[in-house]
Structure formats: structure tokens, C-alpha cells
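Student: Take a look at work-v2.csv, CSV, C-alpha atoms and all ligand atoms:
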chain,number,residue,atom,x,y,z
A,1,MET,CA,-52.6,118.9,149.0
A,2,ASP,CA,-55.1,116.8,150.9
A,3,LEU,CA,-54.4,113.9,148.5
A,4,ILE,CA,-50.7,114.1,149.0
A,5,ILE,CA,-51.1,114.1,152.7
A,6,ARG,CA,-53.5,111.2,152.5
A,7,ASP,CA,-51.0,109.3,150.5
A,8,LYS,CA,-48.2,110.1,153.0
A,9,ILE,CA,-50.4,109.0,155.9
A,10,LYS,CA,-51.0,105.6,154.2
A,11,GLN,CA,-47.2,105.1,153.9
A,12,VAL,CA,-46.8,106.1,157.6
A,13,LYS,CA,-49.4,103.6,158.6
A,14,LYS,CA,-47.5,100.9,156.7
A,15,GLY,CA,-44.6,101.8,158.9
A,16,ASP,CA,-42.6,104.1,156.7
A,17,GLN,CA,-41.2,106.8,159.0
A,18,THR,CA,-39.6,109.0,156.4
A,19,ALA,CA,-43.1,109.7,154.9
A,20,TYR,CA,-44.0,111.3,158.2
A,21,GLU,CA,-41.3,113.9,157.7
A,22,ASP,CA,-43.2,115.5,154.8
A,23,VAL,CA,-46.4,115.5,156.9
A,24,VAL,CA,-44.6,117.3,159.8
A,25,MET,CA,-43.0,119.7,157.4
A,26,PHE,CA,-46.4,120.6,155.9
A,27,PHE,CA,-48.2,121.2,159.2
A,28,GLN,CA,-45.4,122.5,161.3
A,29,ASP,CA,-46.1,126.2,161.0
A,30,LYS,CA,-49.8,125.8,161.4
A,31,ILE,CA,-49.6,123.6,164.5
A,32,PHE,CA,-46.8,125.7,166.1
A,33,GLN,CA,-48.8,128.8,165.5
A,34,HIS,CA,-51.9,127.3,167.0
A,35,CYS,CA,-50.0,126.2,170.1
A,36,TYR,CA,-48.4,129.6,170.4
A,37,ARG,CA,-51.7,131.4,170.2
A,38,MET,CA,-53.2,129.1,172.8
A,39,LEU,CA,-50.2,129.3,175.1
A,40,GLY,CA,-48.6,132.7,174.5
A,41,ASN,CA,-45.1,131.4,175.0
A,42,LYS,CA,-42.8,130.1,172.3
A,43,HIS,CA,-40.9,127.6,174.4
A,44,GLU,CA,-44.1,126.0,175.6
A,45,ALA,CA,-45.6,126.1,172.1
A,46,GLU,CA,-42.6,124.3,170.7
A,47,ASP,CA,-42.8,121.7,173.4
A,48,ILE,CA,-46.5,121.0,173.0
A,49,ALA,CA,-46.4,121.2,169.2
A,50,GLN,CA,-43.6,118.6,169.1
A,51,GLU,CA,-45.6,116.4,171.6
A,52,ALA,CA,-48.7,116.7,169.3
A,53,PHE,CA,-46.7,115.4,166.3
A,54,ILE,CA,-45.2,112.6,168.2
A,55,ARG,CA,-48.6,111.5,169.7
A,56,ALA,CA,-50.1,111.6,166.2
A,57,TYR,CA,-47.3,109.4,164.9
A,58,VAL,CA,-47.5,106.9,167.8
A,59,ASN,CA,-51.3,106.7,167.5
A,60,ILE,CA,-51.5,106.8,163.7
A,61,HIS,CA,-53.4,103.6,163.6
A,62,SER,CA,-56.3,105.1,165.5
A,63,TYR,CA,-56.7,107.8,162.9
A,64,ASP,CA,-59.7,107.2,160.7
A,65,GLU,CA,-58.8,107.9,157.1
A,66,ASN,CA,-62.3,108.9,156.1
A,67,ARG,CA,-61.8,112.1,158.1
A,68,LYS,CA,-59.5,114.9,157.5
A,69,PHE,CA,-56.0,114.4,158.9
A,70,SER,CA,-55.7,118.1,159.8
A,71,THR,CA,-58.8,117.9,162.0
A,72,TRP,CA,-57.3,115.0,163.9
A,73,LEU,CA,-54.0,116.7,164.3
A,74,TYR,CA,-55.5,119.9,165.5
A,75,ARG,CA,-57.5,118.0,168.0
A,76,ILE,CA,-54.5,116.4,169.5
A,77,ALA,CA,-52.7,119.7,169.6
A,78,THR,CA,-55.7,121.6,171.1
A,79,ASN,CA,-56.2,119.0,173.8
A,80,LEU,CA,-52.5,119.1,174.7
A,81,THR,CA,-52.5,122.9,175.0
A,82,ILE,CA,-55.7,122.9,177.1
A,83,ASP,CA,-54.1,120.2,179.3
A,84,ARG,CA,-51.0,122.4,179.7
A,85,ILE,CA,-53.0,125.5,180.6
A,86,ARG,CA,-54.8,123.5,183.3
A,87,LYS,CA,-51.6,122.1,184.7
A,88,ARG,CA,-49.9,125.5,185.0
A,89,LYS,CA,-49.0,126.5,188.4
A,90,PRO,CA,-50.2,130.0,189.3
A,91,ASP,CA,-46.6,131.2,189.9
A,92,TYR,CA,-45.1,129.4,186.9
A,93,TYR,CA,-44.2,132.6,185.1
A,94,LEU,CA,-42.9,134.4,188.1
A,95,ASP,CA,-40.3,131.7,188.4
A,96,ALA,CA,-39.5,131.0,184.9
A,97,GLU,CA,-40.1,133.8,182.5
A,98,VAL,CA,-40.5,137.2,183.9
A,99,LYS,CA,-36.7,138.0,184.1
A,100,GLY,CA,-36.5,138.7,180.4
A,101,THR,CA,-37.9,141.9,179.1
A,102,ASP,CA,-39.0,141.1,175.6
A,103,GLY,CA,-42.7,141.2,174.7
A,104,LEU,CA,-43.2,137.5,175.0
A,105,ASP,CA,-43.1,137.5,178.7
A,106,MET,CA,-45.6,140.2,178.9
A,107,TYR,CA,-48.2,138.1,177.1
A,108,SER,CA,-47.4,135.2,179.3
A,109,GLN,CA,-48.1,137.2,182.4
A,110,LEU,CA,-51.4,138.3,180.8
A,111,ALA,CA,-52.3,134.8,180.3
A,112,THR,CA,-52.3,134.2,184.0
A,113,ASN,CA,-53.7,137.4,185.4
A,114,ASP,CA,-55.7,138.9,182.5
A,115,ARG,CA,-55.0,142.6,182.6
A,116,LEU,CA,-52.2,145.1,182.8
A,117,PRO,CA,-52.8,148.6,184.1
A,118,GLU,CA,-54.4,150.8,181.4
A,119,GLU,CA,-51.4,152.9,180.7
A,120,GLU,CA,-49.1,150.0,180.1
A,121,VAL,CA,-51.6,148.5,177.6
A,122,GLN,CA,-51.8,151.7,175.7
A,123,GLY,CA,-48.0,151.9,175.6
A,124,MET,CA,-47.7,148.6,173.8
A,125,GLU,CA,-47.7,148.3,170.1
A,126,LEU,CA,-51.0,147.5,168.4
A,127,GLN,CA,-49.9,144.0,167.5
A,128,ASN,CA,-48.9,143.3,171.0
A,129,GLN,CA,-52.1,144.7,172.4
A,130,ILE,CA,-54.2,142.5,170.1
A,131,GLU,CA,-52.1,139.4,171.0
A,132,SER,CA,-52.4,140.0,174.7
A,133,GLU,CA,-56.2,140.5,174.4
A,134,ILE,CA,-56.5,137.2,172.5
A,135,LEU,CA,-54.6,135.5,175.3
A,136,SER,CA,-56.8,137.0,178.0
A,137,LEU,CA,-59.8,135.2,176.5
A,138,PRO,CA,-60.9,132.1,178.4
A,139,PRO,CA,-59.3,129.1,176.6
A,140,LYS,CA,-62.6,127.6,175.5
A,141,TYR,CA,-63.4,130.8,173.5
A,142,ARG,CA,-59.8,131.4,172.5
A,143,SER,CA,-59.4,128.0,170.8
A,144,ILE,CA,-62.6,128.5,168.8
A,145,ILE,CA,-61.8,132.1,167.8
A,146,MET,CA,-58.3,131.0,166.7
A,147,LEU,CA,-59.5,128.0,164.7
A,148,ARG,CA,-62.1,130.1,163.0
A,149,TYR,CA,-60.3,133.3,162.2
A,150,LEU,CA,-56.6,132.5,162.1
A,151,GLU,CA,-56.8,129.0,160.8
A,152,GLU,CA,-60.0,129.4,158.9
A,153,PHE,CA,-61.8,126.2,159.7
A,154,SER,CA,-65.5,126.1,159.2
A,155,LEU,CA,-67.7,125.8,162.3
A,156,GLN,CA,-68.5,122.2,161.4
A,157,GLU,CA,-64.8,121.4,161.2
A,158,ILE,CA,-64.3,123.1,164.6
A,159,SER,CA,-67.0,121.0,166.0
A,160,ASP,CA,-65.1,117.9,164.7
A,161,ILE,CA,-61.8,119.1,166.1
A,162,LEU,CA,-63.1,119.9,169.5
A,163,ASP,CA,-65.6,117.1,169.6
A,164,ILE,CA,-68.4,119.3,170.8
A,165,PRO,CA,-71.8,119.8,169.1
A,166,LEU,CA,-72.1,122.4,166.4
A,167,GLY,CA,-74.7,124.3,168.5
A,168,THR,CA,-72.1,124.6,171.3
A,169,VAL,CA,-69.5,125.9,168.8
A,170,LYS,CA,-71.9,128.6,167.7
A,171,THR,CA,-72.8,129.7,171.3
A,172,ARG,CA,-69.1,129.9,172.2
A,173,ILE,CA,-68.1,131.7,169.1
A,174,HIS,CA,-70.8,134.3,169.7
A,175,ARG,CA,-69.6,134.8,173.3
A,176,GLY,CA,-66.0,134.8,172.2
A,177,ARG,CA,-66.7,137.5,169.7
A,178,GLU,CA,-68.5,139.6,172.2
A,179,ALA,CA,-65.7,139.2,174.7
A,180,LEU,CA,-63.2,140.2,172.0
A,181,ARG,CA,-65.3,143.1,171.0
A,182,LYS,CA,-65.2,144.5,174.5
A,183,LYS,CA,-61.5,144.0,174.8
A,184,LEU,CA,-60.6,145.5,171.4
A,185,ARG,CA,-63.2,148.3,171.4
A,186,HIS,CA,-60.7,150.9,172.6
A,187,VAL,CA,-57.7,149.7,170.7
B,188,MET,CA,-86.8,144.8,167.6
B,189,ASN,CA,-85.1,144.3,171.0
B,190,CYS,CA,-81.5,145.4,170.6
B,191,ASP,CA,-79.6,143.2,173.0
B,192,LYS,CA,-81.7,140.1,172.6
B,193,GLU,CA,-82.7,140.0,169.0
B,194,ALA,CA,-80.5,142.3,167.0
B,195,VAL,CA,-77.2,141.2,168.5
B,196,LYS,CA,-78.1,137.6,168.0
B,197,LEU,CA,-78.9,138.3,164.3
B,198,MET,CA,-75.5,140.0,164.0
B,199,HIS,CA,-73.7,136.9,165.2
B,200,GLN,CA,-75.8,134.6,163.0
B,201,HIS,CA,-74.9,137.0,160.1
B,202,LEU,CA,-71.2,136.6,160.9
B,203,ASP,CA,-71.7,132.8,160.8
B,204,GLY,CA,-73.6,132.9,157.5
B,205,ASP,CA,-76.7,131.5,159.2
B,206,LEU,CA,-79.3,134.1,158.2
B,207,THR,CA,-82.1,133.7,155.8
B,208,LYS,CA,-82.8,136.6,153.3
B,209,GLU,CA,-85.6,137.9,155.3
B,210,GLU,CA,-83.6,137.9,158.5
B,211,GLU,CA,-80.8,139.7,156.7
B,212,MET,CA,-83.4,142.3,155.7
B,213,GLN,CA,-84.7,142.7,159.3
B,214,LEU,CA,-81.1,143.2,160.5
B,215,LYS,CA,-80.4,145.7,157.9
B,216,ILE,CA,-83.5,147.7,158.6
B,217,HIS,CA,-82.8,147.7,162.3
B,218,LEU,CA,-79.2,148.8,161.8
B,219,GLU,CA,-80.3,151.7,159.7
B,220,GLY,CA,-82.5,153.0,162.4
B,221,CYS,CA,-80.4,152.2,165.5
B,222,ASP,CA,-77.1,153.9,166.2
B,223,SER,CA,-76.1,151.8,169.1
B,224,CYS,CA,-76.5,148.6,167.2
B,225,GLN,CA,-74.7,150.0,164.3
B,226,LYS,CA,-71.8,150.8,166.6
B,227,HIS,CA,-72.0,147.3,168.1
B,228,PHE,CA,-71.9,145.7,164.7
B,229,HIS,CA,-69.0,147.8,163.6
B,230,GLU,CA,-67.1,146.9,166.7
B,231,LEU,CA,-67.7,143.2,166.1
B,232,LYS,CA,-66.4,143.3,162.5
B,233,ARG,CA,-63.5,145.5,163.5
B,234,SER,CA,-62.4,143.2,166.2
B,235,ILE,CA,-62.3,140.3,163.7
B,236,THR,CA,-60.3,142.4,161.3
B,237,LEU,CA,-57.8,143.3,164.1
B,238,LEU,CA,-57.7,139.7,165.1
B,239,LYS,CA,-56.8,138.6,161.6
B,240,SER,CA,-54.1,141.2,161.4
B,241,VAL,CA,-51.8,139.5,164.0
B,242,GLU,CA,-48.5,138.4,162.6
B,243,GLN,CA,-48.1,134.8,161.5
B,244,VAL,CA,-45.5,132.9,163.5
B,245,LYS,CA,-43.3,130.2,162.0
B,246,ALA,CA,-42.1,127.0,163.7
B,247,PRO,CA,-38.5,127.2,165.0
B,248,GLU,CA,-35.7,126.1,162.8
B,249,ASN,CA,-35.0,122.4,162.9
B,250,PHE,CA,-38.5,121.7,164.2
B,251,THR,CA,-39.2,118.8,161.8
B,252,LYS,CA,-35.7,117.4,162.3
B,253,ASP,CA,-36.1,117.4,166.0
B,254,ILE,CA,-39.3,115.6,165.9
B,255,MET,CA,-38.0,113.0,163.5
B,256,GLN,CA,-35.2,112.3,165.9
B,257,LYS,CA,-37.6,111.8,168.8
B,258,LEU,CA,-39.9,109.4,167.1
B,259,PRO,CA,-39.7,105.8,168.3
B,260,THR,CA,-37.5,103.8,165.9
B,261,GLU,CA,-39.2,102.3,163.0
B,262,LYS,CA,-39.7,98.6,162.6
B,263,LYS,CA,-36.6,97.0,161.1
B,264,GLN,CA,-38.6,95.3,158.3
B,265,VAL,CA,-39.6,98.7,156.9
B,266,LYS,CA,-36.0,99.7,156.5
B,267,TYR,CA,-35.3,96.5,154.7
B,268,MET,CA,-38.4,96.8,152.5
B,269,ARG,CA,-37.3,100.3,151.5
B,270,TRP,CA,-33.8,99.1,150.7
B,271,PHE,CA,-35.2,96.2,148.7
B,272,LYS,CA,-37.5,98.5,146.8
B,273,MET,CA,-34.5,100.6,145.8
B,274,HIS,CA,-32.4,97.6,144.8
B,275,PRO,CA,-34.8,95.2,143.1
B,276,ILE,CA,-32.3,93.2,141.2
B,277,ILE,CA,-30.1,92.5,144.1
B,278,SER,CA,-33.1,91.7,146.1
B,279,ALA,CA,-34.4,89.2,143.6
B,280,ALA,CA,-31.0,87.5,143.5
B,281,ALA,CA,-30.8,87.4,147.3
B,282,ILE,CA,-34.2,85.8,147.6
B,283,PHE,CA,-33.5,83.3,145.0
B,284,PHE,CA,-30.2,82.5,146.7
B,285,ILE,CA,-31.9,82.1,150.0
B,286,LEU,CA,-34.7,79.9,148.7
B,287,MET,CA,-32.3,77.7,146.8
B,288,PHE,CA,-30.0,76.9,149.6
B,289,SER,CA,-31.8,77.1,152.8
B,290,GLY,CA,-35.0,75.1,152.2
B,291,LEU,CA,-36.8,77.7,154.3
B,292,PHE,CA,-40.1,77.0,152.6
B,293,THR,CA,-40.4,73.7,154.3
B,294,ALA,CA,-39.2,75.1,157.6
B,295,TRP,CA,-41.8,77.8,157.4
B,296,GLU,CA,-44.7,75.5,156.7
B,297,GLN,CA,-43.7,72.8,159.0
B,298,ASP,CA,-43.8,74.6,162.3
B,299,SER,CA,-47.0,76.2,163.3
B,300,GLN,CA,-46.8,75.3,167.0
B,301,LEU,CA,-46.4,78.0,169.7
B,302,THR,CA,-42.8,78.0,170.8
B,303,VAL,CA,-40.9,80.3,173.2
B,304,SER,CA,-37.2,80.6,173.4
B,305,LYS,CA,-37.3,81.0,177.2
B,306,GLN,CA,-39.8,79.6,179.7
B,307,GLU,CA,-38.6,80.8,183.1
B,308,GLY,CA,-41.0,83.2,184.8
B,309,LEU,CA,-43.3,83.5,181.7
B,310,ILE,CA,-46.9,82.6,181.6
B,311,ILE,CA,-48.6,81.0,178.6
B,312,GLU,CA,-52.3,81.5,178.2
B,313,GLY,CA,-53.8,79.9,175.1
B,314,ASP,CA,-51.7,81.4,172.3
B,315,THR,CA,-50.4,84.3,174.3
B,316,VAL,CA,-47.1,84.5,176.1
B,317,ILE,CA,-47.1,86.9,179.0
B,318,VAL,CA,-44.1,88.5,180.6
B,319,PRO,CA,-45.7,89.2,184.0
B,320,GLU,CA,-45.2,92.4,185.9
B,321,GLY,CA,-42.0,92.4,188.0
B,322,VAL,CA,-40.4,89.7,185.8
B,323,THR,CA,-37.3,90.7,183.9
B,324,VAL,CA,-36.1,88.6,181.0
B,325,LYS,CA,-32.3,89.0,180.8
B,326,ASP,CA,-31.7,87.5,177.3
B,327,ASP,CA,-33.3,87.8,173.9
B,328,LEU,CA,-36.8,86.5,173.6
B,329,VAL,CA,-38.2,84.8,170.5
B,330,VAL,CA,-41.9,83.9,170.3
B,331,LYS,CA,-43.1,81.8,167.3
B,332,ASN,CA,-46.8,81.4,166.3
B,333,GLY,CA,-48.2,83.2,169.3
B,334,ASN,CA,-48.9,86.6,170.7
B,335,LEU,CA,-46.8,88.4,173.3
B,336,LYS,CA,-47.8,90.6,176.1
B,337,ILE,CA,-45.1,92.4,178.1
B,338,ASP,CA,-46.1,93.7,181.5
B,339,GLY,CA,-42.6,93.3,182.9
B,340,THR,CA,-39.3,94.0,181.2
B,341,VAL,CA,-37.2,92.4,178.5
B,342,GLU,CA,-33.6,93.3,178.5
B,343,GLY,CA,-32.7,91.7,175.2
B,344,ASP,CA,-34.1,91.8,171.7
B,345,VAL,CA,-37.6,90.6,171.1
B,346,THR,CA,-38.6,88.7,168.0
B,347,LEU,CA,-42.2,87.9,167.2
B,348,ILE,CA,-42.7,85.3,164.4
B,349,ASN,CA,-46.3,85.0,163.2
B,350,GLY,CA,-47.8,86.8,166.2
B,351,GLU,CA,-48.8,90.1,167.6
B,352,ILE,CA,-47.7,92.2,170.5
B,353,ILE,CA,-50.5,93.0,172.8
B,354,ASP,CA,-49.9,96.5,174.3
B,355,GLU,CA,-52.2,97.7,177.0
B,356,LYS,CA,-50.3,100.7,178.1
B,357,GLU,CA,-52.5,103.6,177.3
B,358,THR,CA,-52.9,107.2,178.2
B,359,THR,CA,-56.1,109.2,177.8
B,360,ILE,CA,-56.6,112.8,176.7
B,361,ASP,CA,-60.1,114.0,177.3
B,362,GLY,CA,-61.6,110.6,176.7
B,363,GLU,CA,-59.6,109.8,173.7
B,364,VAL,CA,-57.4,106.8,174.1
B,365,LEU,CA,-53.8,107.3,172.9
B,366,LEU,CA,-51.0,104.8,173.1
B,367,ALA,CA,-47.9,105.8,174.8
B,368,SER,CA,-44.7,104.9,173.1
B,369,ALA,CA,-43.6,101.2,172.8
B,370,GLY,CA,-43.4,99.0,175.8
B,371,ASP,CA,-40.5,98.0,178.0
B,372,ILE,CA,-38.2,96.4,175.6
B,373,ASN,CA,-34.6,97.5,176.1
B,374,GLY,CA,-33.3,95.7,173.1
B,375,GLU,CA,-34.5,95.7,169.5
B,376,PHE,CA,-38.1,94.7,168.6
B,377,LYS,CA,-38.8,92.7,165.5
B,378,GLU,CA,-42.0,91.4,164.1
B,379,VAL,CA,-41.9,88.7,161.5
B,380,ASP,CA,-45.3,87.8,160.1
B,381,GLN,CA,-44.9,86.9,156.5
B,382,LEU,CA,-42.8,84.5,154.6
B,383,PHE,CA,-40.8,87.3,153.1
B,384,ASP,CA,-40.1,88.7,156.6
B,385,TRP,CA,-39.2,85.2,157.7
B,386,ILE,CA,-36.6,85.1,155.0
B,387,LEU,CA,-35.3,88.5,156.0
B,388,TYR,CA,-35.1,87.4,159.5
B,389,HIS,CA,-32.9,84.5,158.6
B,390,LEU,CA,-30.9,86.6,156.3
B,391,ASN,CA,-30.3,89.0,159.1
B,392,ASN,CA,-29.2,86.3,161.5
B,393,PHE,CA,-27.0,84.9,158.7
B,394,PHE,CA,-25.2,88.3,158.4
B,395,LYS,CA,-25.0,88.7,162.1
B,396,SER,CA,-23.3,85.4,162.4
B,397,ILE,CA,-20.8,86.4,159.7
B,398,PHE,CA,-20.0,89.6,161.5
B,399,SER,CA,-19.7,87.9,164.9
B,400,TRP,CA,-17.3,85.5,163.2
B,401,SER,CA,-15.1,88.2,161.8
B,402,GLU,CA,-14.9,90.1,165.1
C,501,ZN,ZN,-80.6,148.4,168.1
Would you mind writing the file's structure down as C-alpha cells?
Tutor:
Amino acid sequence: MDLIIRDKIKQVKKGDQTAYEDVVMFFQDKIFQHCYRMLGNKHEAEDIAQEAFIRAYVNIHSYDENRKFSTWLYRIATNLTIDRIRKRKPDYYLDAEVKGTDGLDMYSQLATNDRLPEEEVQGMELQNQIESEILSLPPKYRSIIMLRYLEEFSLQEISDILDIPLGTVKTRIHRGREALRKKLRHV
Amino acid sequence: MNCDKEAVKLMHQHLDGDLTKEEEMQLKIHLEGCDSCQKHFHELKRSITLLKSVEQVKAPENFTKDIMQKLPTEKKQVKYMRWFKMHPIISAAAIFFILMFSGLFTAWEQDSQLTVSKQEGLIIEGDTVIVPEGVTVKDDLVVKNGNLKIDGTVEGDVTLINGEIIDEKETTIDGEVLLASAGDINGEFKEVDQLFDWILYHLNNFFKSIFSWSE
């Protein structure tokens, strides 16, 4: 698959836009999922995932072909999600999302204020509980935990994606796992 | 072994596959004799299993299609190239036709001087033509044998023959420089930098003049 993607990217670099369609198609679920896990909201995830693919296209000439394209793409997507999290207004969800009653909005609230009362958490399905606990991790741990366990990148690849030293990745994944352990211990 | 400092550290190194055989052994021996570390280790592994059990989500329908529609339009020449690749015989005939009757070869080789279709308000520095900030070029702009830098706006089409566009509009994400989408050209943008493109450019103008006749 890597070879096919490499080939497609070469065509895109030459200016062939249709070749990019296959690239997007191949990565769309992965990148969307990554954005969703980082942001906890499908609309925002769609927005940011689209932005990531468009940025990658516009800047395709700055992509170094000796590195993995997926690493570069995840890097753009991760930076954009972290950027979005930073820019969130504290009352963003109160205005925009809370009216609905589906599970989604619950997670979003959790993303901003970390915890629901104990009873409510216990009332949620297991899936939802896990998802909300993931979202309550600080973004710098969340991104690493997601990349490692849901997208199955190696620690070295994560270091490339986030552009931080391998040692830092290790420290953060240790802390992230400890945080997660405490959150999921009673689930 | 100290539980919090050493044993927990070994657990994490184990999870990252970073332990030597001896260290693995040390950890194993400690776990066998220490209930609280055993529990800790179990909780760590269980939280990873739980984490991995979350449902996979898929991109919304039409995700790729939406993106393709939002991309900046591709350079005209690529569309031509693709068309020509798909119709090699017609292409060959067309090129032959053009070469025979237009004498473009000589035209191409003769002029290598920087020329600009419009001068008003533009700055020429060496081989670079600059549309300064605040200046709006109302008509089409053709630059031959030189580079073009647009700080202002061009309302019409831009054609660059044998030159490059110098784009300095950039945005940064966490120290990484990323270009924003193409500059302030309201019309079409064409880059002509090879003999073949030069022919296409003339071919294109030729067809345009036919169509404007028939209108
Ligand atoms: Zn112990």
C-alpha cells in the first residue's frame, strides 16, 4: 500500500489533482477517526479532517518523499486539532451543542470540564464511559495514547509525527497510561 | 525493589518493549511477591484493552468528494496533459499541425527578453515583476521570461511564460511553514514553462479566438 500511495503522491506533486482523490480515500477514515478522538465531536472532526487534507494538498511540495506520507499527514491533522482545542472558548459547547441529547454532546462537555457526577458516569454504557475518559485526558497525552493504541504507530513514528524527542514520547506515554489506569480502574 | 519508583517504571518499559531479559526477570519476581504491583500491572493492561475496544468511526459520506471540490483548481496544463495522454494520436497530429503552420519554434527561441503586457503601477526588479500592495491590475497580465510576485490584486487572468510565481503568503502551524492557498488572482492562472506548454498556450488562444468569433 505504501508503494501505491508513494506513486500517487508523485503524481499529485506533478499537479495531477485526480491522483489525490485516491490518497484521501485511503486515509479518510483514519484521519477522521483521529480528529474525532482528539476533539470528541463529529462536526468539528469533519471540519478539521477536511482542513488537514486540504493543507496537505496545498503544501504537497514541502513533503519529503523519503519519509512516510502518513506520518506527515497525521502531523498536520494533530497540529490542527491541538490548535482547535486551544482556540475553544470555554462556553463553546453551552452555546452550540448542549441542546441535543445524544451521547456525542456528553463527551463534548466532558472535554471541557473533565468529569460528570459519579452516578451519571456509571449510567452510561461502557463504550461511552471509555470514550469520555479518553477525552478527559490532557491533549498531549491523549494524542500519544491514540496514536499508539488506536492507530498503532510505533513510538519512533509518534516521535516523528509530533516532532518531539523519543524520550519525551516515552515519558508522556507512561504518564498517559497511568492517568488512563486511574480513570478506567473502576469501569 | 521500591514499588512506586522502580517496579512501576519497569512495567511501563515492559509495555514499550524496552526491557532486557534480566529486567523482565526482576519485574516478574517482584510481581509474584507483591500484590499491589500485581494489581497495578493488571489495571494498566486492562485499561489498554478497554481503550482498544472503542468503536472505530468512519468518515462521513461524501467526505472525499467534498474535499476534492474544495481544493484549489489544478493548473490548466495538467488537464491538457491528461487529455493528450488519453488521445495520443490526435495530440501528435495537433502538434504536427501547429509546428507546421505557426513557425512557433522560431518565435520561442527568438524572444528571451523580459516582457510584461502591462506596465502601469508595476515594479520591475531584475527579472522579477512585482504587483505592489494596494495595486489592482484590472486586465489580464502576461509576463514573459521573468518571475512574478503578487502583493496586490490581479482581476484578470495571469499567464507566466518561462518564469515562476513568487509566493510569500505563508501561515505557520507550530513552527512548520505551510502555504495558504494561491494568491490574489481573481482570473485564471497559467504557467507556461516549456516549449510544449508554449504550443498549448497558443493552441488555447487559437481556440479562444475561434469561439469569440462565433459568439
Ligand atoms: Zn510492589
Student: Mind pulling up the distance from atom CA of Val329 of chain B to atom CA of Gly343 of chain B?
Tutor: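 About the pair atom CA of Gly343 of chain B and atom CA of Val329 of chain B: they are 10.0 Å apart.
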Student: What does the list of residues within 12 Å of ligand ZN 501 (chain C) look like if you count all atoms listed in the file, written as a tab-separated table (two decimals) with C-alpha atoms, keeping the file's coordinate frame?
Tutor:
chain	number	residue	atom	x	y	z
B	188	MET	CA	-86.80	144.80	167.60
B	189	ASN	CA	-85.10	144.30	171.00
B	190	CYS	CA	-81.50	145.40	170.60
B	191	ASP	CA	-79.60	143.20	173.00
B	192	LYS	CA	-81.70	140.10	172.60
B	193	GLU	CA	-82.70	140.00	169.00
B	194	ALA	CA	-80.50	142.30	167.00
B	195	VAL	CA	-77.20	141.20	168.50
B	196	LYS	CA	-78.10	137.60	168.00
B	197	LEU	CA	-78.90	138.30	164.30
B	198	MET	CA	-75.50	140.00	164.00
B	213	GLN	CA	-84.70	142.70	159.30
B	214	LEU	CA	-81.10	143.20	160.50
B	215	LYS	CA	-80.40	145.70	157.90
B	216	ILE	CA	-83.50	147.70	158.60
B	217	HIS	CA	-82.80	147.70	162.30
B	218	LEU	CA	-79.20	148.80	161.80
B	219	GLU	CA	-80.30	151.70	159.70
B	220	GLY	CA	-82.50	153.00	162.40
B	221	CYS	CA	-80.40	152.20	165.50
B	222	ASP	CA	-77.10	153.90	166.20
B	223	SER	CA	-76.10	151.80	169.10
B	224	CYS	CA	-76.50	148.60	167.20
B	225	GLN	CA	-74.70	150.00	164.30
B	226	LYS	CA	-71.80	150.80	166.60
B	227	HIS	CA	-72.00	147.30	168.10
B	228	PHE	CA	-71.90	145.70	164.70
Student: Could you tell me how far atom CA of Asn391 of chain B sits from atom CA of Val318 of chain B, in Å to one decimal place?
Tutor: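 Atom-to-atom, atom CA of Val318 of chain B and atom CA of Asn391 of chain B are spaced 25.6 Å apart.
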Student: Skip segment 170-186 of chain A itself and residues of its chain fewer than 4 positions away, then list as an NGL selection string all residues within 10 Å of it, counting only C-alpha atoms.
Tutor: (:A and (122 or 129-130 or 132-134 or 136-145 or 148 or 155-156 or 158-159 or 165-166)) or (:B and (195-196 or 198-200 or 202-203 or 227-235 or 237-238))
Student: Could you tell me how far atom CA of Tyr63 of chain A sits from atom CA of Glu44 of chain A, in Å to one decimal place?
Tutor: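 Computing it gives 25.5 Å between the two atoms.
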Student: Tell me the residues of chain A close to chain B, meaning within 9 Å using all atoms listed in the file, as a PyMOL selection string.
Tutor: chain A and resi 14-18+20-22+24-25+28-33+36+42+46+50-51+53-59+62+76+79-80+83+127-128+130-131+134+146+149-150+155+170+173-174+177-178+180-185
